[in-house]
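In what follows, a structure is listed as structure tokens, so that the remarks can point back to it.
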Number of protein chains: 2
Amino acid sequence: MSRPSDLIQGTLDLLILKTISIEPMHGWAIGKRIQQVSDEALQITQGALYPALHRLEQQGWISAEWRVTETGREAKFYRLTKAGRTQLEKELAQWERLSNAVGLVIRMA
Amino acid sequence: MSRPSDLIQGTLDLLILKTISIEPMHGWAIGKRIQQVSDEALQITQGALYPALHRLEQQGWISAEWRVTETGREAKFYRLTKAGRTQLEKELAQWERLSNAVGLVIRMA
DNA sequence: AAGCATATATAAGTAACTTAGGCATGCCAA
DNA sequence: TTGGCATGCCTAAGTTACTTATATATGCTT
């Protein structure tokens with residue numbers, strides 16, 4: 001039962017925070033954007049996406065506002081809060097530190 | 001309760017497989033080695049380590065044998081099986097693919 | 001009018017971890 | 001000689017983030 005998994009566990013928050021740090025965006029678009037920017041390598045399912053957004057909002061790292069999309073539909077737009085920006089920096093540093101460490105191990109001779 | 005987490009979820013199997021691909025090693029030593037090679041960035045707790053070893057053994061990717069360590073103690077030495085080597089290649093490729101994808105997203109302008 | 005893409009959401013199940021123990025042995029210091 | 005620490009193995013309970021499946025609604029196109 002090898003699940004190919006199109007996501008590294010625990011990186012979703014980082015991916016979302018980074019994505020809306022560029023510009024506020026609604027959930028559906030966030031998923032699409034991550035997929036696109038990652039060159040289709042990362043697939044964000046809705047069952048992972050929406051709970052993650054709610055988590056981040058509850059932490060106070062993002063805030064939501066209903067607005068109308070370019071295509072004329074209601075959607076919930078998320079933006080980074082100030083605390084969210086701090087959190088993003090923290091998660092970026094953590095990712096660099098740990099992914100680098102993995103690199104050291106897997107390149108061990 | 002921010003758990004700093006000294007591990008990227010899902011990478012432990014890869015780390016273990018890689019480590020014993022260099023040379024067979026007992027559990028305790030595997031944990032120490034990963035910690036050392038990663039420059040102390042990765043901390044493998046025993047509660048994560050031993051279940052992971054049993055998982056990998058059950059998958060047929062590693063095999064165990066009781067031997068005596070250099071310091072004269074009984075320890076369970078693990079080595080990669082042939083299937084384990086294949087699995088290691090697979091997990092290496094998966095890690096490269098996904099960590100690279102994360103890199104694309106977090107460096108998005 | 002049907003079907004698809006967009007858009008949000010939740011519930012049940014699973015896997016991998018964290019935390020917190022427990023057990024046994026060899027070695028060293030007091 | 002015994003008390004403590006490092007070594008070495010192990011498991012159970014709890015948490016968390018995911019996967020899979022499902023539900024709902026709207027706008028556009030055929």
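Ordering of the structure tokens sets the chain letters (A, B, ...); residue numbers start at 1 within each chain; ligands are numbered from 1 in the order shown.
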request  = Kindly determine which residues of chain B lie within 9 Å of chain C, considering only C-alpha atoms (C1' of nucleotides), and give the answer as a ChimeraX atom specification.
outcome  = /B:3,5,9-10,45,47-48,52,71-73
task = Please report as an MDAnalysis selection string which residues of chain B come no farther than 6 Å from chain A, using only C-alpha atoms.
result = chainID B and resid 9 37:38 101 104:105
Restricting the output to C-alpha atoms, write the selected residues as an mmCIF file, in the first residue's frame.
```cif
data_model
loop_
_atom_site.group_PDB
_atom_site.id
_atom_site.type_symbol
_atom_site.label_atom_id
_atom_site.label_comp_id
_atom_site.auth_asym_id
_atom_site.auth_seq_id
_atom_site.Cartn_x
_atom_site.Cartn_y
_atom_site.Cartn_z
ATOM 1 C CA GLN B 9 7.453 13.529 8.592
ATOM 2 C CA VAL B 37 25.839 13.181 10.043
ATOM 3 C CA SER B 38 23.025 15.736 10.045
ATOM 4 C CA ALA B 101 8.868 21.131 -5.720
ATOM 5 C CA LEU B 104 9.975 26.029 -6.322
ATOM 6 C CA VAL B 105 7.023 27.209 -4.262
#
```
request  = Write down as an MDAnalysis selection string the residues belonging to stretch 4-94 of chain A that are assigned alpha helix (DSSP H) by DSSP computed on the backbone.
outcome  = chainID A and resid 12:22 27:37 46:59 82:94
Please save N, CA and C atoms of the selected residues as a compact mmCIF listing (two decimals), in the first residue's frame.
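For reference, out.txt as written:
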```
# COMPACT_ATOMS: atom_id res chain seq x y z
N LEU A 12 2.46 21.62 4.18
CA LEU A 12 1.31 22.29 3.57
C LEU A 12 1.12 23.70 4.12
N ASP A 13 1.25 23.86 5.42
CA ASP A 13 1.10 25.18 6.02
C ASP A 13 2.09 26.17 5.40
N LEU A 14 3.32 25.73 5.30
CA LEU A 14 4.36 26.56 4.69
C LEU A 14 4.00 26.94 3.26
N LEU A 15 3.54 25.98 2.49
CA LEU A 15 3.19 26.23 1.09
C LEU A 15 2.05 27.25 0.98
N ILE A 16 1.08 27.11 1.83
CA ILE A 16 -0.06 28.03 1.81
C ILE A 16 0.37 29.43 2.22
N LEU A 17 1.08 29.51 3.34
CA LEU A 17 1.52 30.82 3.84
C LEU A 17 2.35 31.54 2.79
N LYS A 18 3.27 30.82 2.18
CA LYS A 18 4.12 31.42 1.16
C LYS A 18 3.28 31.91 -0.03
N THR A 19 2.35 31.09 -0.45
CA THR A 19 1.55 31.41 -1.63
C THR A 19 0.73 32.68 -1.44
N ILE A 20 0.07 32.81 -0.30
CA ILE A 20 -0.74 34.02 -0.11
C ILE A 20 0.11 35.19 0.37
N SER A 21 1.39 34.95 0.64
CA SER A 21 2.27 36.08 0.97
C SER A 21 2.56 36.90 -0.29
N ILE A 22 2.45 36.25 -1.43
CA ILE A 22 2.64 36.95 -2.70
C ILE A 22 1.44 37.85 -2.97
N GLY A 27 -9.15 29.86 -1.49
CA GLY A 27 -8.69 28.50 -1.28
C GLY A 27 -8.45 27.71 -2.55
N TRP A 28 -9.46 27.65 -3.36
CA TRP A 28 -9.35 26.89 -4.61
C TRP A 28 -8.14 27.34 -5.44
N ALA A 29 -7.97 28.64 -5.52
CA ALA A 29 -6.87 29.21 -6.29
C ALA A 29 -5.51 28.88 -5.67
N ILE A 30 -5.47 28.84 -4.35
CA ILE A 30 -4.22 28.50 -3.66
C ILE A 30 -3.75 27.11 -4.06
N GLY A 31 -4.70 26.18 -4.04
CA GLY A 31 -4.37 24.81 -4.45
C GLY A 31 -3.86 24.75 -5.87
N LYS A 32 -4.56 25.43 -6.76
CA LYS A 32 -4.17 25.43 -8.16
C LYS A 32 -2.79 26.08 -8.35
N ARG A 33 -2.57 27.17 -7.63
CA ARG A 33 -1.31 27.89 -7.76
C ARG A 33 -0.11 27.04 -7.33
N ILE A 34 -0.27 26.38 -6.19
CA ILE A 34 0.82 25.52 -5.69
C ILE A 34 1.12 24.41 -6.69
N GLN A 35 0.07 23.84 -7.22
CA GLN A 35 0.22 22.77 -8.21
C GLN A 35 0.98 23.28 -9.44
N GLN A 36 0.58 24.44 -9.88
CA GLN A 36 1.16 25.04 -11.08
C GLN A 36 2.63 25.42 -10.88
N VAL A 37 2.88 26.14 -9.77
CA VAL A 37 4.24 26.60 -9.51
C VAL A 37 5.20 25.43 -9.27
N GLN A 46 -8.64 18.65 -1.74
CA GLN A 46 -9.50 19.55 -0.99
C GLN A 46 -9.63 19.12 0.47
N GLY A 47 -9.57 17.82 0.68
CA GLY A 47 -9.65 17.31 2.04
C GLY A 47 -8.46 17.69 2.89
N ALA A 48 -7.37 18.06 2.25
CA ALA A 48 -6.21 18.56 2.99
C ALA A 48 -6.23 20.08 3.04
N LEU A 49 -6.64 20.67 1.93
CA LEU A 49 -6.58 22.13 1.79
C LEU A 49 -7.47 22.89 2.77
N TYR A 50 -8.75 22.57 2.77
CA TYR A 50 -9.67 23.37 3.58
C TYR A 50 -9.45 23.24 5.08
N PRO A 51 -9.24 22.04 5.58
CA PRO A 51 -8.89 21.94 7.00
C PRO A 51 -7.62 22.73 7.33
N ALA A 52 -6.67 22.73 6.44
CA ALA A 52 -5.42 23.46 6.68
C ALA A 52 -5.70 24.96 6.77
N LEU A 53 -6.54 25.46 5.88
CA LEU A 53 -6.88 26.88 5.90
C LEU A 53 -7.56 27.25 7.21
N HIS A 54 -8.46 26.38 7.66
CA HIS A 54 -9.16 26.65 8.92
C HIS A 54 -8.19 26.63 10.11
N ARG A 55 -7.27 25.70 10.04
CA ARG A 55 -6.24 25.62 11.08
C ARG A 55 -5.45 26.93 11.15
N LEU A 56 -4.98 27.37 9.99
CA LEU A 56 -4.15 28.56 9.92
C LEU A 56 -4.93 29.79 10.37
N GLU A 57 -6.20 29.83 10.02
CA GLU A 57 -7.02 30.96 10.43
C GLU A 57 -7.20 30.98 11.95
N GLN A 58 -7.41 29.79 12.50
CA GLN A 58 -7.61 29.70 13.94
C GLN A 58 -6.35 30.07 14.71
N GLN A 59 -5.20 29.80 14.11
CA GLN A 59 -3.93 30.19 14.71
C GLN A 59 -3.70 31.69 14.62
N LYS A 82 -0.02 39.73 10.27
CA LYS A 82 1.35 40.04 10.68
C LYS A 82 1.98 38.84 11.38
N ALA A 83 1.19 38.22 12.24
CA ALA A 83 1.68 37.01 12.92
C ALA A 83 1.97 35.92 11.90
N GLY A 84 1.18 35.90 10.84
CA GLY A 84 1.38 34.91 9.80
C GLY A 84 2.71 35.09 9.08
N ARG A 85 3.08 36.34 8.91
CA ARG A 85 4.36 36.60 8.24
C ARG A 85 5.52 36.10 9.10
N THR A 86 5.40 36.36 10.39
CA THR A 86 6.41 35.84 11.32
C THR A 86 6.47 34.32 11.27
N GLN A 87 5.29 33.72 11.26
CA GLN A 87 5.21 32.26 11.20
C GLN A 87 5.83 31.73 9.92
N LEU A 88 5.57 32.42 8.83
CA LEU A 88 6.14 32.03 7.54
C LEU A 88 7.67 32.02 7.62
N GLU A 89 8.23 33.07 8.20
CA GLU A 89 9.69 33.13 8.34
C GLU A 89 10.20 31.94 9.15
N LYS A 90 9.44 31.64 10.20
CA LYS A 90 9.85 30.55 11.08
C LYS A 90 9.82 29.22 10.34
N GLU A 91 8.76 29.02 9.58
CA GLU A 91 8.62 27.75 8.87
C GLU A 91 9.61 27.63 7.72
N LEU A 92 9.92 28.76 7.11
CA LEU A 92 10.94 28.76 6.06
C LEU A 92 12.29 28.32 6.63
N ALA A 93 12.64 28.91 7.78
CA ALA A 93 13.92 28.59 8.41
C ALA A 93 13.96 27.12 8.82
N GLN A 94 12.86 26.65 9.36
CA GLN A 94 12.75 25.26 9.79
C GLN A 94 12.92 24.32 8.60
```
So that each row is one residue of chain D with an atom at most 12 Å from chain A, can you give its shortest atom pair and the distance in Å to one decimal, using only C-alpha atoms (C1' of nucleotides), rows by chain and rising number, as JSON lines?
```
{"residue": "D:DT16", "atom": "C1'", "partner": "A:Gly10", "partner_atom": "CA", "distance": 9.6}
{"residue": "D:DA17", "atom": "C1'", "partner": "A:Gly10", "partner_atom": "CA", "distance": 7.1}
{"residue": "D:DC18", "atom": "C1'", "partner": "A:Ala48", "partner_atom": "CA", "distance": 6.6}
{"residue": "D:DT19", "atom": "C1'", "partner": "A:Gly47", "partner_atom": "CA", "distance": 7.8}
{"residue": "D:DT20", "atom": "C1'", "partner": "A:Gly47", "partner_atom": "CA", "distance": 8.4}
{"residue": "D:DA21", "atom": "C1'", "partner": "A:Gly47", "partner_atom": "CA", "distance": 9.5}
{"residue": "D:DT22", "atom": "C1'", "partner": "A:Gly47", "partner_atom": "CA", "distance": 10.7}
{"residue": "D:DA25", "atom": "C1'", "partner": "A:Glu74", "partner_atom": "CA", "distance": 10.7}
{"residue": "D:DT26", "atom": "C1'", "partner": "A:Arg73", "partner_atom": "CA", "distance": 7.6}
{"residue": "D:DG27", "atom": "C1'", "partner": "A:Arg73", "partner_atom": "CA", "distance": 7.8}
{"residue": "D:DC28", "atom": "C1'", "partner": "A:Thr71", "partner_atom": "CA", "distance": 10.3}
```
ask   = Do you have the atom CA of B:Pro24-atom CA of B:Ile44 distance handy?
value = 17.8 Å
